[in-house]
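For reference, target-v5.cif is printed below; it contains mmCIF, C-alpha atoms.
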```cif
data_work
loop_
_atom_site.label_atom_id
_atom_site.label_comp_id
_atom_site.auth_asym_id
_atom_site.auth_seq_id
_atom_site.Cartn_x
_atom_site.Cartn_y
_atom_site.Cartn_z
CA MET A 1 11.45 -7.52 -48.41
CA THR A 2 13.30 -7.35 -45.13
CA GLU A 3 11.47 -7.37 -41.83
CA PRO A 4 11.67 -4.11 -39.90
CA LEU A 5 13.84 -3.88 -36.81
CA THR A 6 11.89 -3.97 -33.56
CA LYS A 7 13.27 -2.43 -30.38
CA LEU A 8 12.92 -4.58 -27.28
CA VAL A 9 13.43 -3.07 -23.83
CA TYR A 10 13.74 -4.94 -20.55
CA PHE A 11 13.27 -3.89 -16.94
CA ALA A 12 14.00 -5.10 -13.40
CA TRP A 13 14.85 -8.83 -13.13
CA VAL A 14 13.98 -9.44 -16.78
CA ARG A 15 16.73 -6.95 -17.68
CA GLU A 16 19.19 -8.46 -15.19
CA ARG A 17 18.62 -12.02 -16.35
CA ILE A 18 18.81 -11.24 -20.07
CA GLY A 19 21.88 -9.15 -19.30
CA LYS A 20 21.07 -6.03 -21.32
CA PRO A 21 18.58 -3.18 -21.07
CA GLU A 22 17.54 -3.20 -24.73
CA GLU A 23 18.26 -4.57 -28.17
CA GLU A 24 16.97 -4.39 -31.72
CA VAL A 25 15.86 -7.59 -33.40
CA PHE A 26 14.53 -8.76 -36.74
CA LEU A 27 11.38 -10.68 -35.88
CA PRO A 28 10.46 -13.54 -38.22
CA SER A 29 7.00 -13.21 -39.76
CA THR A 30 5.85 -16.24 -37.78
CA VAL A 31 6.04 -14.14 -34.60
CA GLU A 32 2.59 -12.55 -34.67
CA THR A 33 1.53 -12.08 -31.07
CA VAL A 34 3.11 -11.18 -27.75
CA ALA A 35 2.87 -14.85 -26.73
CA ASP A 36 4.75 -15.84 -29.93
CA LEU A 37 7.42 -13.25 -29.15
CA LEU A 38 7.97 -14.59 -25.63
CA LEU A 39 8.37 -18.16 -26.92
CA TRP A 40 10.70 -17.04 -29.72
CA LEU A 41 12.87 -15.03 -27.32
CA LYS A 42 12.97 -17.85 -24.79
CA ALA A 43 14.64 -20.06 -27.38
CA ARG A 44 17.44 -17.55 -28.07
CA GLY A 45 19.77 -18.69 -25.31
CA GLU A 46 20.26 -19.59 -21.70
CA GLU A 47 19.86 -16.05 -20.37
CA TYR A 48 16.55 -15.65 -22.21
CA GLU A 49 15.40 -19.07 -21.01
CA ASN A 50 16.26 -17.96 -17.48
CA ALA A 51 14.40 -14.65 -17.76
CA LEU A 52 11.33 -16.03 -19.52
CA GLN A 53 11.06 -19.42 -17.83
CA TYR A 54 7.47 -18.61 -16.84
CA PRO A 55 6.23 -16.47 -19.72
CA GLU A 56 2.78 -16.09 -18.19
CA VAL A 57 4.16 -13.85 -15.42
CA ILE A 58 5.87 -11.45 -17.84
CA ARG A 59 4.07 -8.15 -18.40
CA VAL A 60 4.34 -6.54 -21.82
CA ALA A 61 3.86 -3.03 -23.13
CA ILE A 62 3.78 -1.99 -26.79
CA ASP A 63 4.72 1.62 -27.48
CA HIS A 64 4.21 2.54 -23.78
CA GLU A 65 0.81 0.85 -23.34
CA HIS A 66 0.03 -2.35 -21.44
CA VAL A 67 -1.10 -5.23 -23.66
CA ASP A 68 -2.07 -8.82 -22.98
CA HIS A 69 -0.29 -11.80 -24.47
CA ARG A 70 -2.82 -12.24 -27.30
CA GLU A 71 -2.05 -8.80 -28.70
CA LYS A 72 -0.71 -8.66 -32.28
CA ILE A 73 2.72 -7.04 -32.48
CA ALA A 74 2.63 -5.91 -36.11
CA GLY A 75 3.65 -2.26 -36.37
CA ALA A 76 5.12 -2.09 -32.86
CA ARG A 77 8.08 0.28 -32.57
CA GLU A 78 9.06 -0.59 -29.00
CA ILE A 79 8.08 -3.66 -27.03
CA ALA A 80 8.86 -3.75 -23.30
CA LEU A 81 9.08 -6.89 -21.16
CA PHE A 82 9.03 -6.62 -17.38
CA PRO A 83 7.88 -8.30 -14.16
CA PRO A 84 4.66 -7.31 -12.35
CA MET A 85 5.05 -3.73 -11.17
CA THR A 86 5.89 -2.76 -7.60
CA GLY A 87 5.76 1.04 -7.54
CA GLY A 88 3.86 3.28 -5.20
CA MET B 89 -15.09 15.82 -16.36
CA PRO B 90 -14.84 19.39 -15.03
CA ALA B 91 -13.52 21.66 -17.75
CA GLY B 92 -9.96 22.80 -17.46
CA VAL B 93 -8.68 20.29 -14.91
CA VAL B 94 -5.36 19.02 -16.18
CA PRO B 95 -3.64 16.43 -13.99
CA MET B 96 -0.05 17.16 -13.06
CA VAL B 97 2.23 14.11 -13.28
CA ARG B 98 5.94 14.23 -12.48
CA ILE B 99 8.54 11.47 -12.41
CA GLN B 100 11.66 12.71 -10.69
CA ARG B 101 14.74 11.71 -8.75
CA GLN B 102 14.56 14.54 -6.20
CA ASP B 103 12.24 14.79 -3.21
CA PHE B 104 9.02 16.80 -3.26
CA ASP B 105 7.51 19.42 -0.92
CA ILE B 106 4.03 18.33 0.13
CA ALA B 107 2.92 21.80 1.28
CA ALA B 108 4.05 23.33 -2.02
CA GLU B 109 2.14 20.68 -3.98
CA ILE B 110 -1.05 21.37 -1.99
CA GLY B 111 -0.54 25.08 -2.62
CA ARG B 112 -0.26 24.45 -6.34
CA LEU B 113 -3.87 23.17 -6.33
CA THR B 114 -5.41 25.70 -3.94
CA GLU B 115 -3.64 29.04 -4.43
CA GLY B 116 -5.69 31.78 -6.00
CA ARG B 117 -9.01 30.02 -5.66
CA THR B 118 -11.76 29.86 -3.04
CA ASP B 119 -13.93 26.98 -4.27
CA VAL B 120 -11.79 24.08 -3.03
CA GLY B 121 -13.24 22.57 0.13
CA ALA B 122 -11.15 19.43 0.46
CA VAL B 123 -7.60 18.36 -0.28
CA VAL B 124 -6.47 14.81 0.35
CA THR B 125 -2.78 13.96 0.13
CA PHE B 126 -1.29 10.50 0.22
CA SER B 127 2.44 10.06 0.55
CA GLY B 128 4.21 6.73 0.41
CA LEU B 129 7.53 6.38 2.23
CA CYS B 130 10.36 3.87 2.24
CA ARG B 131 10.20 1.53 5.28
CA ASP B 132 13.31 0.00 6.85
CA GLU B 133 11.71 -3.46 7.32
CA ALA B 134 12.71 -3.74 10.99
CA GLY B 135 16.19 -2.38 10.33
CA ALA B 136 17.10 -4.84 7.56
CA LEU B 137 16.69 -2.46 4.65
CA ALA B 138 19.36 0.12 3.77
CA ALA B 139 17.54 1.55 0.74
CA LEU B 140 15.18 0.83 -2.10
CA GLU B 141 16.30 1.26 -5.70
CA LEU B 142 13.35 2.42 -7.80
CA GLU B 143 13.64 1.53 -11.47
CA HIS B 144 11.14 2.93 -13.96
CA TYR B 145 10.29 2.90 -17.64
CA PRO B 146 10.88 6.49 -18.79
CA GLY B 147 8.13 7.73 -21.05
CA MET B 148 5.67 5.00 -20.17
CA ALA B 149 5.72 5.85 -16.43
CA GLU B 150 4.49 9.40 -17.14
CA ALA B 151 2.02 8.22 -19.78
CA GLU B 152 0.50 5.47 -17.64
CA ILE B 153 0.05 7.65 -14.55
CA ALA B 154 -1.46 10.37 -16.75
CA ARG B 155 -3.93 7.80 -18.15
CA ILE B 156 -4.92 6.76 -14.61
CA ALA B 157 -5.28 10.42 -13.57
CA GLU B 158 -7.53 11.13 -16.57
CA GLU B 159 -9.64 8.12 -15.58
CA ALA B 160 -9.98 9.58 -12.06
CA LEU B 161 -10.99 12.97 -13.50
CA GLY B 162 -13.69 11.21 -15.50
CA ARG B 163 -15.08 9.47 -12.43
CA TRP B 164 -15.04 12.24 -9.82
CA PRO B 165 -15.71 16.01 -9.91
CA LEU B 166 -12.16 17.02 -9.02
CA MET B 167 -10.72 20.52 -8.95
CA GLY B 168 -7.13 19.40 -9.14
CA LEU B 169 -5.11 16.18 -9.21
CA SER B 170 -1.36 15.70 -8.90
CA ALA B 171 0.88 12.65 -8.78
CA ILE B 172 4.63 12.59 -8.23
CA HIS B 173 6.68 9.38 -8.24
CA ARG B 174 10.37 9.31 -7.45
CA PHE B 175 13.00 6.98 -8.90
CA GLY B 176 16.58 6.11 -7.98
CA LYS B 177 17.94 5.14 -4.57
CA ILE B 178 15.62 6.03 -1.70
CA ALA B 179 16.54 5.60 1.97
CA PRO B 180 14.15 4.54 4.75
CA GLY B 181 12.12 7.50 5.94
CA GLU B 182 12.27 9.24 2.56
CA ASN B 183 9.30 9.90 0.32
CA ILE B 184 8.58 7.68 -2.69
CA VAL B 185 5.23 8.82 -4.03
CA LEU B 186 2.72 11.64 -3.60
CA VAL B 187 -0.89 11.97 -4.69
CA VAL B 188 -2.88 15.17 -4.12
CA ALA B 189 -6.60 15.38 -4.91
CA ALA B 190 -8.65 18.57 -4.53
CA SER B 191 -12.41 18.90 -4.71
CA ALA B 192 -15.35 20.73 -3.17
CA HIS B 193 -16.09 17.94 -0.69
CA ARG B 194 -13.96 15.38 1.13
CA GLN B 195 -15.48 12.11 -0.08
CA VAL B 196 -14.57 12.80 -3.69
CA ALA B 197 -11.01 13.73 -2.75
CA PHE B 198 -10.55 10.63 -0.55
CA GLU B 199 -11.91 8.29 -3.19
CA ALA B 200 -9.97 9.78 -6.07
CA ALA B 201 -6.67 9.68 -4.14
CA SER B 202 -7.31 6.07 -3.14
CA PHE B 203 -8.22 5.08 -6.71
CA LEU B 204 -5.12 6.75 -8.12
CA MET B 205 -2.83 4.96 -5.66
CA ASP B 206 -4.47 1.55 -6.20
CA TYR B 207 -4.10 1.81 -9.97
CA LEU B 208 -0.65 3.32 -9.79
CA LYS B 209 0.61 0.38 -7.72
CA SER B 210 -0.59 -2.24 -10.17
CA ARG B 211 -0.13 -0.42 -13.51
CA ALA B 212 2.61 2.22 -13.31
CA PRO B 213 5.91 0.77 -14.59
CA PHE B 214 8.10 0.99 -11.48
CA TRP B 215 10.04 -1.78 -9.77
CA LYS B 216 11.67 -1.81 -6.33
CA LYS B 217 14.93 -3.54 -5.55
CA GLU B 218 16.09 -3.91 -1.96
CA HIS B 219 19.51 -2.91 -0.70
CA ARG B 220 20.16 -4.80 2.55
CA VAL B 221 21.96 -3.36 5.58
CA ASP B 222 24.14 -6.50 5.81
CA GLY B 223 25.41 -5.96 2.26
CA SER B 224 23.88 -9.19 0.92
CA GLU B 225 22.32 -9.19 -2.54
CA GLY B 226 18.89 -7.62 -2.20
CA ASN B 227 15.79 -9.02 -3.88
CA TRP B 228 13.37 -7.44 -6.26
CA VAL B 229 10.22 -6.74 -4.28
CA ASP B 230 7.42 -9.14 -5.25
CA ALA B 231 4.13 -7.77 -6.49
CA LYS B 232 1.29 -8.42 -4.05
CA ASP B 233 -2.04 -9.98 -5.04
CA ALA B 234 -3.62 -7.60 -2.52
CA ASP B 235 -2.56 -4.65 -4.68
CA ASP B 236 -4.23 -6.13 -7.77
CA GLN B 237 -7.35 -6.83 -5.72
CA ALA B 238 -7.33 -3.25 -4.42
CA ALA B 239 -7.30 -1.96 -8.00
CA ALA B 240 -9.98 -4.45 -9.11
CA ARG B 241 -12.48 -3.32 -6.47
CA TRP B 242 -12.93 -0.04 -8.36
CA ASN B 243 -14.38 -1.99 -11.28
CA SER B 244 -16.99 -3.82 -9.27
CA SER B 245 -18.17 -0.93 -7.11
CA ARG B 246 -19.13 1.35 -10.00
#
```
Same coordinates, now as structure tokens:
Amino acid sequence: MTEPLTKLVYFAWVRERIGKPEEEVFLPSTVETVADLLLWLKARGEEYENALQYPEVIRVAIDHEHVDHREKIAGAREIALFPPMTGG
Amino acid sequence: MPAGVVPMVRIQRQDFDIAAEIGRLTEGRTDVGAVVTFSGLCRDEAGALAALELEHYPGMAEAEIARIAEEALGRWPLMGLSAIHRFGKIAPGENIVLVVAASAHRQVAFEAASFLMDYLKSRAPFWKKEHRVDGSEGNWVDAKDADDQAAARWNSSR
């Protein structure tokens, strides 16, 4: 059985540092939570290391809803990573 | 929640007309006694800022503001609630965001507008990048702890 593709989208300085607005990845089954995902991504290369140096500051949304880092990611179609928001 | 009140949420590049947005909530009815509007504008930071670039997460921006608006409708007896947030490049003096709250009495409208703005600032997926007048690389605006605290006070007071 192959793992499903998961769409990752990036915003603001997370997007700039990773160097792309989105990508689709095959997540290994060991990546169960948002925290696991951030650690796994961080190990993918220098640009990811640079963007995710302090994973605790990264905000995450699954399918357009805010989640905390303990959230399970199984079944997620789109996972967004971004800095704290500065709208308004 | 009062029956039939559907919040209006728009995410758009173009400017908005505050008088028209007030009219949208009051025209054709005689029971509204209070309308509070809040508009947020781009500051020039003592002349240093040429513009702000507003980035947003399409889809989630609308959904998150709508969730916050529904929360406000559940807390206060509102007769209308609108929120408009712009994106793209915005020059000093231009509008960024608008909230309009209508109700029978002023306190409800003031509180609901304030609540919506506090939550919008800490939860709506928008990010501001500075464009500097001197042409140097602008920074991403840092989130302020004060904004998170402003949103948190609504949990403790009710």
For chain B, work out the contacting residues on chain A at 6 Å, counting all atoms listed in the file, and write them as a PDB file with C-alpha atoms, keeping the file's coordinate frame.
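Saved file selection06.pdb follows:
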```
ATOM      1  CA  HIS A  64       4.210   2.540 -23.780  1.00  0.00           C
ATOM      2  CA  PRO A  84       4.660  -7.310 -12.350  1.00  0.00           C
ATOM      3  CA  MET A  85       5.050  -3.730 -11.170  1.00  0.00           C
ATOM      4  CA  THR A  86       5.890  -2.760  -7.600  1.00  0.00           C
ATOM      5  CA  GLY A  87       5.760   1.040  -7.540  1.00  0.00           C
ATOM      6  CA  GLY A  88       3.860   3.280  -5.200  1.00  0.00           C
TER       7      GLY A  88
END
```
Practice task
Please provide the set of residues having any atom within 9 Å of Ile58 in chain A, restricted to only C-alpha atoms, with same-chain residues fewer than 4 positions apart removed, written as number ranges by chain.
Solution key: A: 14, 38, 52, 54, 81-84
Residue subset to file, keeping C-alpha atoms, as a short mmCIF file (atom, residue, chain, number, x, y, z; two decimals), in the frame of the given file:
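Output file out-v6.cif is given in full below:
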```
data_model
loop_
_atom_site.label_atom_id
_atom_site.label_comp_id
_atom_site.auth_asym_id
_atom_site.auth_seq_id
_atom_site.Cartn_x
_atom_site.Cartn_y
_atom_site.Cartn_z
CA VAL A 14 13.98 -9.44 -16.78
CA LEU A 38 7.97 -14.59 -25.63
CA LEU A 52 11.33 -16.03 -19.52
CA TYR A 54 7.47 -18.61 -16.84
CA LEU A 81 9.08 -6.89 -21.16
CA PHE A 82 9.03 -6.62 -17.38
CA PRO A 83 7.88 -8.30 -14.16
CA PRO A 84 4.66 -7.31 -12.35
#
```
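Here CA of Phe26 in chain A is placed at a distance of 22.0 Å from CA of His66 in chain A.
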Handout entry: Target residues per the PyMOL selection byres ((chain B and resi 170) around 10), formatted as a PyMOL selection string
Key = chain B and resi 94-98+109-110+112-113+125+153-154+157+168-169+171-172+186-190+201+204
Problem - Counting only C-alpha atoms, the option among B:Leu140, B:Val93, B:Ala160, B:Val221 closest to Val196 in chain B - result: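 For Val196 in chain B, the nearest of the candidates is B:Ala160.
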Handout entry: Interatomic distance, CA of Phe126 in chain B to CA of Val60 in chain A (Å, one decimal)
Key =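 So the two atoms, CA of Phe126 in chain B and CA of Val60 in chain A, lie 28.4 Å apart.
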Exercise for the section: Please check which residues have atoms at most 9 Å from (-21.9, 16.0, -0.7) in the file's coordinates, counting all atoms listed in the file, and write them as an MDAnalysis selection string. Expected result: chainID B and resid 192:196
Problem - the PyMOL selection byres ((chain A and resi 40) around 12) applied to the shown file, residues as a PyMOL selection string - result: chain A and resi 25-39+41-45+48-49+52+55
Go ahead and save the residues from that selection, with C-alpha atoms, as a compact mmCIF listing (two decimals), keeping the file's coordinate frame.
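Okay, again06.txt is ready:
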```txt
# COMPACT_ATOMS: atom_id res chain seq x y z
CA VAL A 25 15.86 -7.59 -33.40
CA PHE A 26 14.53 -8.76 -36.74
CA LEU A 27 11.38 -10.68 -35.88
CA PRO A 28 10.46 -13.54 -38.22
CA SER A 29 7.00 -13.21 -39.76
CA THR A 30 5.85 -16.24 -37.78
CA VAL A 31 6.04 -14.14 -34.60
CA GLU A 32 2.59 -12.55 -34.67
CA THR A 33 1.53 -12.08 -31.07
CA VAL A 34 3.11 -11.18 -27.75
CA ALA A 35 2.87 -14.85 -26.73
CA ASP A 36 4.75 -15.84 -29.93
CA LEU A 37 7.42 -13.25 -29.15
CA LEU A 38 7.97 -14.59 -25.63
CA LEU A 39 8.37 -18.16 -26.92
CA LEU A 41 12.87 -15.03 -27.32
CA LYS A 42 12.97 -17.85 -24.79
CA ALA A 43 14.64 -20.06 -27.38
CA ARG A 44 17.44 -17.55 -28.07
CA GLY A 45 19.77 -18.69 -25.31
CA TYR A 48 16.55 -15.65 -22.21
CA GLU A 49 15.40 -19.07 -21.01
CA LEU A 52 11.33 -16.03 -19.52
CA PRO A 55 6.23 -16.47 -19.72
```
